[in-house]
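Content type mmCIF, C-alpha atoms and all ligand atoms, from the file structure25.cif:
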data_upload
loop_
_atom_site.label_atom_id
_atom_site.label_comp_id
_atom_site.auth_asym_id
_atom_site.auth_seq_id
_atom_site.Cartn_x
_atom_site.Cartn_y
_atom_site.Cartn_z
CA MET A 1 -2.24 -16.84 -13.55
CA ASN A 2 -4.17 -13.97 -15.05
CA LYS A 3 -3.38 -12.85 -18.52
CA VAL A 4 -4.58 -9.39 -19.34
CA ILE A 5 -4.92 -8.61 -22.99
CA CYS A 6 -4.96 -5.06 -24.32
CA PRO A 7 -8.29 -4.58 -26.15
CA LYS A 8 -6.68 -2.27 -28.69
CA CYS A 9 -3.63 -4.14 -29.88
CA HIS A 10 -4.66 -7.61 -28.64
CA LYS A 11 -1.30 -8.20 -27.04
CA GLU A 12 -0.66 -9.20 -23.49
CA ALA A 13 -0.29 -6.13 -21.30
CA PRO A 14 2.69 -6.11 -18.94
CA TRP A 15 2.14 -6.05 -15.17
CA VAL A 16 4.01 -2.97 -14.00
CA GLU A 17 4.12 -0.28 -11.32
CA ASN A 18 1.91 2.68 -12.14
CA LYS A 19 4.90 5.00 -12.32
CA GLU A 20 5.16 3.61 -15.85
CA ARG A 21 2.06 5.62 -16.53
CA TYR A 22 2.21 8.57 -14.13
CA GLY A 23 5.93 9.06 -13.71
CA LYS A 24 5.71 8.12 -10.04
CA ASN A 25 3.79 5.53 -8.07
CA TYR A 26 0.33 6.55 -6.95
CA GLY A 27 -1.60 5.01 -4.10
CA LYS A 28 -0.98 2.02 -1.88
CA SER A 29 -1.94 -0.33 -4.65
CA TYR A 30 0.29 0.79 -7.46
CA MET A 31 0.56 -2.35 -9.54
CA CYS A 32 -1.34 -2.23 -12.80
CA TYR A 33 -1.48 -3.54 -16.32
CA PHE A 34 -0.38 -0.89 -18.73
CA CYS A 35 0.05 -1.12 -22.48
CA ARG A 36 2.40 1.75 -23.14
CA PRO A 37 1.90 2.04 -26.93
CA CYS A 38 -1.88 2.54 -26.58
CA GLY A 39 -2.12 3.97 -23.07
CA THR A 40 -4.59 1.24 -22.15
CA TYR A 41 -4.69 0.71 -18.42
CA VAL A 42 -6.27 -1.15 -15.52
CA GLY A 43 -5.34 -1.05 -11.83
CA CYS A 44 -5.01 -4.12 -9.62
CA HIS A 45 -6.39 -5.22 -6.27
CA ASN A 46 -3.83 -4.57 -3.51
CA ASN A 47 -0.81 -5.04 -5.72
CA THR A 48 -1.88 -8.52 -6.75
CA ARG A 49 -2.11 -9.60 -10.35
CA LYS A 50 -5.89 -9.40 -10.14
CA PRO A 51 -7.13 -6.59 -12.40
CA LEU A 52 -9.93 -4.23 -11.31
CA GLY A 53 -12.28 -4.91 -14.19
CA GLU A 54 -11.36 -4.59 -17.83
CA MET A 55 -8.60 -2.57 -19.40
CA ALA A 56 -9.62 0.88 -20.49
CA ASP A 57 -8.19 3.12 -23.15
CA LYS A 58 -7.63 6.84 -22.69
CA GLU A 59 -11.02 7.84 -24.03
CA THR A 60 -12.80 5.42 -21.69
CA MET A 61 -10.79 6.68 -18.72
CA GLU A 62 -11.77 10.25 -19.53
CA TRP A 63 -15.45 9.35 -19.75
CA ARG A 64 -15.27 7.50 -16.43
CA ILE A 65 -13.80 10.59 -14.81
CA LYS A 66 -16.66 12.64 -16.27
CA ALA A 67 -19.22 10.15 -14.99
CA HIS A 68 -17.70 10.29 -11.51
CA ALA A 69 -17.76 14.07 -11.68
CA VAL A 70 -21.54 13.84 -12.11
CA ILE A 71 -22.21 11.01 -9.67
CA ASP A 72 -19.89 11.75 -6.77
CA PRO A 73 -21.22 15.23 -5.89
CA LEU A 74 -24.71 13.72 -5.58
CA TRP A 75 -23.71 11.64 -2.57
CA ARG A 76 -20.70 13.62 -1.35
CA GLY A 77 -23.02 16.57 -0.76
CA GLY A 78 -24.93 14.45 1.72
CA LYS A 79 -28.36 14.86 0.08
CA MET A 80 -28.35 11.26 -1.04
CA LYS A 81 -26.55 8.18 0.08
CA ARG A 82 -24.06 6.58 -2.22
CA GLU A 83 -26.19 3.41 -2.31
CA GLU A 84 -29.22 5.45 -3.37
CA VAL A 85 -27.39 6.96 -6.30
CA TYR A 86 -26.26 3.55 -7.49
CA ARG A 87 -29.72 2.11 -6.89
CA MET A 88 -31.15 4.80 -9.16
CA LEU A 89 -28.68 3.78 -11.82
CA ARG A 90 -29.53 0.13 -11.37
CA GLU A 91 -33.24 0.86 -11.72
CA LYS A 92 -32.63 2.98 -14.79
CA PHE A 93 -30.32 0.58 -16.60
CA GLY A 94 -31.61 -2.71 -15.23
CA ARG A 95 -28.29 -3.92 -13.87
CA GLU A 96 -25.59 -3.11 -11.36
CA ILE A 97 -23.52 -0.15 -12.54
CA HIS A 98 -19.84 0.21 -11.75
CA ILE A 99 -18.17 3.22 -13.30
CA GLY A 100 -14.83 1.44 -13.23
CA GLU A 101 -16.29 -1.20 -15.54
CA SER A 102 -18.35 1.06 -17.80
CA ASN A 103 -17.48 1.80 -21.39
CA VAL A 104 -17.81 5.13 -23.17
CA LYS A 105 -21.40 4.55 -24.23
CA MET A 106 -22.46 3.58 -20.73
CA CYS A 107 -20.76 6.64 -19.24
CA GLU A 108 -22.56 8.88 -21.73
CA GLN A 109 -25.89 7.35 -20.79
CA ILE A 110 -25.18 7.74 -17.08
CA ILE A 111 -24.23 11.37 -17.54
CA SER A 112 -27.26 12.24 -19.65
CA PHE A 113 -29.47 10.48 -17.10
CA LEU A 114 -28.00 12.23 -14.07
CA ALA A 115 -26.63 15.53 -15.31
CA PRO A 116 -29.95 17.28 -16.09
CA SER A 117 -31.09 16.66 -12.52
CA ARG A 118 -28.13 18.64 -11.25
CA HIS A 119 -29.98 21.77 -12.28
CA LYS A 120 -33.10 20.90 -10.34
CA ASN A 121 -33.56 21.64 -6.68
CA ASN A 122 -34.19 18.19 -5.41
CA PRO A 123 -32.95 15.43 -7.68
CA SER A 124 -33.53 12.65 -5.15
CA ASN A 125 -37.31 13.17 -5.11
CA LYS A 126 -37.70 13.36 -8.85
CA LYS A 127 -39.16 10.14 -10.20
CA HIS A 128 -38.60 9.22 -13.81
CA ARG A 129 -41.79 7.36 -14.61
ZN ZN B 1 -2.15 -2.08 -26.52
#
Output the file's structure as structure tokens, nothing else.
Amino acid sequence: MNKVICPKCHKEAPWVENKERYGKNYGKSYMCYFCRPCGTYVGCHNNTRKPLGEMADKETMEWRIKAHAVIDPLWRGGKMKREEVYRMLREKFGREIHIGESNVKMCEQIISFLAPSRHKNNPSNKKHR
């Protein structure tokens, strides 16, 4: 069985419903690991005990939201495909990028890579060397 350890306090995080965090259950898959004292959190696959990546603290969660706020409009607007956006990131950083697994530093790098192009007319055709 999986053991999920909180990266902040190095204790085992309890497997709970996400109402522990939000006050009510969100989503179909509401089971998560949540370390209440630190606010460190990770969701699970379909209410199993399998965590979706590593546990993230509040700061990391906030940065992931910011990164999504930069990335998602690129493909939601229909100018680019989702795969193309992630391929750009892979080419830039030399590996597969998943926001849900990225730490603060990675999120910052993603944002500084993608955010300036938001102000240009056609980000998809702009080649970075
Ligand atoms: Zn903790």
Point out the residue among A:Tyr86, A:Phe113, A:Tyr33, A:Tyr22 with the least atom-to-atom distance to ligand ZN 1 (chain B), counting all atoms listed in the file.
A:Tyr33
A:Ala56, A:Cys44, A:Lys50, A:Lys19 ranked by distance to ligand ZN 1 (chain B), top pick (using only C-alpha atoms and all ligand atoms)
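Under the stated criterion, the closest residue is A:Ala56.
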Can I get the residues close to ligand ZN 1 (chain B) as a list in words, where close means within 12 Å and we count all atoms listed in the file?
Val4, Ile5, Cys6, Pro7, Lys8, Cys9, His10, Lys11, Glu12, Ala13, Pro14, Tyr33, Phe34, Cys35, Arg36, Pro37, Cys38, Gly39, Thr40, Tyr41, Val42, Met55, Ala56, Asp57 and Lys58 of chain A
Those selected residues, please, written with C-alpha atoms and delivered as a short mmCIF file (atom, residue, chain, number, x, y, z; two decimals), in the coordinates of the input.
data_model
loop_
_atom_site.label_atom_id
_atom_site.label_comp_id
_atom_site.auth_asym_id
_atom_site.auth_seq_id
_atom_site.Cartn_x
_atom_site.Cartn_y
_atom_site.Cartn_z
CA VAL A 4 -4.58 -9.39 -19.34
CA ILE A 5 -4.92 -8.61 -22.99
CA CYS A 6 -4.96 -5.06 -24.32
CA PRO A 7 -8.29 -4.58 -26.15
CA LYS A 8 -6.68 -2.27 -28.69
CA CYS A 9 -3.63 -4.14 -29.88
CA HIS A 10 -4.66 -7.61 -28.64
CA LYS A 11 -1.30 -8.20 -27.04
CA GLU A 12 -0.66 -9.20 -23.49
CA ALA A 13 -0.29 -6.13 -21.30
CA PRO A 14 2.69 -6.11 -18.94
CA TYR A 33 -1.48 -3.54 -16.32
CA PHE A 34 -0.38 -0.89 -18.73
CA CYS A 35 0.05 -1.12 -22.48
CA ARG A 36 2.40 1.75 -23.14
CA PRO A 37 1.90 2.04 -26.93
CA CYS A 38 -1.88 2.54 -26.58
CA GLY A 39 -2.12 3.97 -23.07
CA THR A 40 -4.59 1.24 -22.15
CA TYR A 41 -4.69 0.71 -18.42
CA VAL A 42 -6.27 -1.15 -15.52
CA MET A 55 -8.60 -2.57 -19.40
CA ALA A 56 -9.62 0.88 -20.49
CA ASP A 57 -8.19 3.12 -23.15
CA LYS A 58 -7.63 6.84 -22.69
#
Which one is closest to Trp15 of chain A: A:Gln109, A:Ser102, A:Thr60, A:Thr48? Count all atoms listed in the file.
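Ranked by minimum distance to Trp15 of chain A, first place goes to A:Thr48.
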Among the residues A:Pro51, A:Arg21, A:Ile65, A:Gly78, the one that comes closest to Asn103 of chain A [using all atoms listed in the file]
A:Ile65
Rounded to one decimal in Å, what is the spacing between atom CA of Leu52 of chain A and atom CA of Lys3 of chain A?
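Value for the atom CA of Leu52 of chain A-atom CA of Lys3 of chain A distance: 13.0 Å.
Between atom CA of Ser29 of chain A and atom CA of Asn46 of chain A lies a distance of 4.8 Å.
Interatomic distance, atom CA of Lys105 of chain A against atom CA of Lys81 of chain A: 25.1 Å.
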Hey, what's within 6 Å of Val104 of chain A if we count only C-alpha atoms and toss same-chain stuff fewer than 2 positions away? As a list in words, please?
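What passes the distance filter is Thr60, Trp63, Met106 and Cys107 of chain A.
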Distance query Tyr30 of chain A at most 7 Å, only C-alpha atoms, self and fewer than 4 positions along chain excluded, as JSON, numbers by chain
{"A": [17, 18, 25, 26, 47]}
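For the set A:Met61, A:Met31, A:Ala67, A:Val16, the residue with the smallest atom-to-atom gap to Ala115 of chain A is A:Ala67, counting only C-alpha atoms.
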Can I get segment 74-106 of chain A with N, CA and C atoms filled in, as a PDB file, in the frame of the given file?
ATOM      1  N   LEU A  74     -23.354  14.043  -6.024  1.00  0.00           N
ATOM      2  CA  LEU A  74     -24.710  13.720  -5.580  1.00  0.00           C
ATOM      3  C   LEU A  74     -24.692  13.141  -4.169  1.00  0.00           C
ATOM      4  N   TRP A  75     -23.743  12.244  -3.903  1.00  0.00           N
ATOM      5  CA  TRP A  75     -23.710  11.640  -2.570  1.00  0.00           C
ATOM      6  C   TRP A  75     -22.713  12.321  -1.649  1.00  0.00           C
ATOM      7  N   ARG A  76     -21.660  12.928  -2.217  1.00  0.00           N
ATOM      8  CA  ARG A  76     -20.700  13.620  -1.350  1.00  0.00           C
ATOM      9  C   ARG A  76     -21.353  14.812  -0.665  1.00  0.00           C
ATOM     10  N   GLY A  77     -22.335  15.437  -1.338  1.00  0.00           N
ATOM     11  CA  GLY A  77     -23.020  16.570  -0.760  1.00  0.00           C
ATOM     12  C   GLY A  77     -23.906  16.204   0.418  1.00  0.00           C
ATOM     13  N   GLY A  78     -24.182  14.911   0.572  1.00  0.00           N
ATOM     14  CA  GLY A  78     -24.930  14.450   1.720  1.00  0.00           C
ATOM     15  C   GLY A  78     -26.443  14.419   1.515  1.00  0.00           C
ATOM     16  N   LYS A  79     -26.913  14.884   0.342  1.00  0.00           N
ATOM     17  CA  LYS A  79     -28.360  14.860   0.080  1.00  0.00           C
ATOM     18  C   LYS A  79     -28.853  13.444  -0.162  1.00  0.00           C
ATOM     19  N   MET A  80     -28.001  12.654  -0.758  1.00  0.00           N
ATOM     20  CA  MET A  80     -28.350  11.260  -1.040  1.00  0.00           C
ATOM     21  C   MET A  80     -27.233  10.391  -0.504  1.00  0.00           C
ATOM     22  N   LYS A  81     -27.598   9.131  -0.285  1.00  0.00           N
ATOM     23  CA  LYS A  81     -26.550   8.180   0.080  1.00  0.00           C
ATOM     24  C   LYS A  81     -25.959   7.608  -1.206  1.00  0.00           C
ATOM     25  N   ARG A  82     -24.742   7.164  -1.081  1.00  0.00           N
ATOM     26  CA  ARG A  82     -24.060   6.580  -2.220  1.00  0.00           C
ATOM     27  C   ARG A  82     -24.878   5.401  -2.786  1.00  0.00           C
ATOM     28  N   GLU A  83     -25.404   4.569  -1.875  1.00  0.00           N
ATOM     29  CA  GLU A  83     -26.190   3.410  -2.310  1.00  0.00           C
ATOM     30  C   GLU A  83     -27.417   3.847  -3.109  1.00  0.00           C
ATOM     31  N   GLU A  84     -28.008   4.981  -2.682  1.00  0.00           N
ATOM     32  CA  GLU A  84     -29.220   5.450  -3.370  1.00  0.00           C
ATOM     33  C   GLU A  84     -28.911   5.871  -4.802  1.00  0.00           C
ATOM     34  N   VAL A  85     -27.773   6.526  -4.961  1.00  0.00           N
ATOM     35  CA  VAL A  85     -27.390   6.960  -6.300  1.00  0.00           C
ATOM     36  C   VAL A  85     -27.211   5.741  -7.207  1.00  0.00           C
ATOM     37  N   TYR A  86     -26.503   4.734  -6.678  1.00  0.00           N
ATOM     38  CA  TYR A  86     -26.260   3.550  -7.490  1.00  0.00           C
ATOM     39  C   TYR A  86     -27.521   2.713  -7.690  1.00  0.00           C
ATOM     40  N   ARG A  87     -28.446   2.817  -6.708  1.00  0.00           N
ATOM     41  CA  ARG A  87     -29.720   2.110  -6.890  1.00  0.00           C
ATOM     42  C   ARG A  87     -30.528   2.760  -8.008  1.00  0.00           C
ATOM     43  N   MET A  88     -30.481   4.091  -8.061  1.00  0.00           N
ATOM     44  CA  MET A  88     -31.150   4.800  -9.160  1.00  0.00           C
ATOM     45  C   MET A  88     -30.620   4.346 -10.509  1.00  0.00           C
ATOM     46  N   LEU A  89     -29.305   4.220 -10.571  1.00  0.00           N
ATOM     47  CA  LEU A  89     -28.680   3.780 -11.820  1.00  0.00           C
ATOM     48  C   LEU A  89     -29.090   2.354 -12.157  1.00  0.00           C
ATOM     49  N   ARG A  90     -29.149   1.522 -11.128  1.00  0.00           N
ATOM     50  CA  ARG A  90     -29.530   0.130 -11.370  1.00  0.00           C
ATOM     51  C   ARG A  90     -30.960   0.048 -11.870  1.00  0.00           C
ATOM     52  N   GLU A  91     -31.853   0.875 -11.277  1.00  0.00           N
ATOM     53  CA  GLU A  91     -33.240   0.860 -11.720  1.00  0.00           C
ATOM     54  C   GLU A  91     -33.373   1.382 -13.139  1.00  0.00           C
ATOM     55  N   LYS A  92     -32.581   2.386 -13.449  1.00  0.00           N
ATOM     56  CA  LYS A  92     -32.630   2.980 -14.790  1.00  0.00           C
ATOM     57  C   LYS A  92     -32.113   2.012 -15.849  1.00  0.00           C
ATOM     58  N   PHE A  93     -30.986   1.375 -15.555  1.00  0.00           N
ATOM     59  CA  PHE A  93     -30.320   0.580 -16.600  1.00  0.00           C
ATOM     60  C   PHE A  93     -30.558  -0.919 -16.456  1.00  0.00           C
ATOM     61  N   GLY A  94     -31.229  -1.320 -15.368  1.00  0.00           N
ATOM     62  CA  GLY A  94     -31.610  -2.710 -15.230  1.00  0.00           C
ATOM     63  C   GLY A  94     -30.482  -3.640 -14.831  1.00  0.00           C
ATOM     64  N   ARG A  95     -29.383  -3.074 -14.382  1.00  0.00           N
ATOM     65  CA  ARG A  95     -28.290  -3.920 -13.870  1.00  0.00           C
ATOM     66  C   ARG A  95     -27.385  -3.085 -12.977  1.00  0.00           C
ATOM     67  N   GLU A  96     -26.543  -3.775 -12.253  1.00  0.00           N
ATOM     68  CA  GLU A  96     -25.590  -3.110 -11.360  1.00  0.00           C
ATOM     69  C   GLU A  96     -24.613  -2.280 -12.192  1.00  0.00           C
ATOM     70  N   ILE A  97     -24.414  -1.035 -11.785  1.00  0.00           N
ATOM     71  CA  ILE A  97     -23.520  -0.150 -12.540  1.00  0.00           C
ATOM     72  C   ILE A  97     -22.250   0.112 -11.732  1.00  0.00           C
ATOM     73  N   HIS A  98     -21.120  -0.167 -12.336  1.00  0.00           N
ATOM     74  CA  HIS A  98     -19.840   0.210 -11.750  1.00  0.00           C
ATOM     75  C   HIS A  98     -19.126   1.094 -12.762  1.00  0.00           C
ATOM     76  N   ILE A  99     -18.826   2.316 -12.350  1.00  0.00           N
ATOM     77  CA  ILE A  99     -18.170   3.220 -13.300  1.00  0.00           C
ATOM     78  C   ILE A  99     -16.853   2.628 -13.792  1.00  0.00           C
ATOM     79  N   GLY A 100     -16.125   2.001 -12.869  1.00  0.00           N
ATOM     80  CA  GLY A 100     -14.830   1.440 -13.230  1.00  0.00           C
ATOM     81  C   GLY A 100     -14.906   0.327 -14.274  1.00  0.00           C
ATOM     82  N   GLU A 101     -16.124  -0.149 -14.527  1.00  0.00           N
ATOM     83  CA  GLU A 101     -16.290  -1.200 -15.540  1.00  0.00           C
ATOM     84  C   GLU A 101     -17.117  -0.713 -16.717  1.00  0.00           C
ATOM     85  N   SER A 102     -17.479   0.558 -16.732  1.00  0.00           N
ATOM     86  CA  SER A 102     -18.350   1.060 -17.800  1.00  0.00           C
ATOM     87  C   SER A 102     -17.547   1.528 -19.003  1.00  0.00           C
ATOM     88  N   ASN A 103     -18.129   1.309 -20.177  1.00  0.00           N
ATOM     89  CA  ASN A 103     -17.480   1.800 -21.390  1.00  0.00           C
ATOM     90  C   ASN A 103     -17.978   3.210 -21.715  1.00  0.00           C
ATOM     91  N   VAL A 104     -17.486   3.748 -22.811  1.00  0.00           N
ATOM     92  CA  VAL A 104     -17.810   5.130 -23.170  1.00  0.00           C
ATOM     93  C   VAL A 104     -19.318   5.331 -23.302  1.00  0.00           C
ATOM     94  N   LYS A 105     -19.968   4.405 -23.989  1.00  0.00           N
ATOM     95  CA  LYS A 105     -21.400   4.550 -24.230  1.00  0.00           C
ATOM     96  C   LYS A 105     -22.187   4.571 -22.915  1.00  0.00           C
ATOM     97  N   MET A 106     -21.804   3.664 -22.033  1.00  0.00           N
ATOM     98  CA  MET A 106     -22.460   3.580 -20.730  1.00  0.00           C
ATOM     99  C   MET A 106     -22.261   4.877 -19.949  1.00  0.00           C
TER     100      MET A 106
END
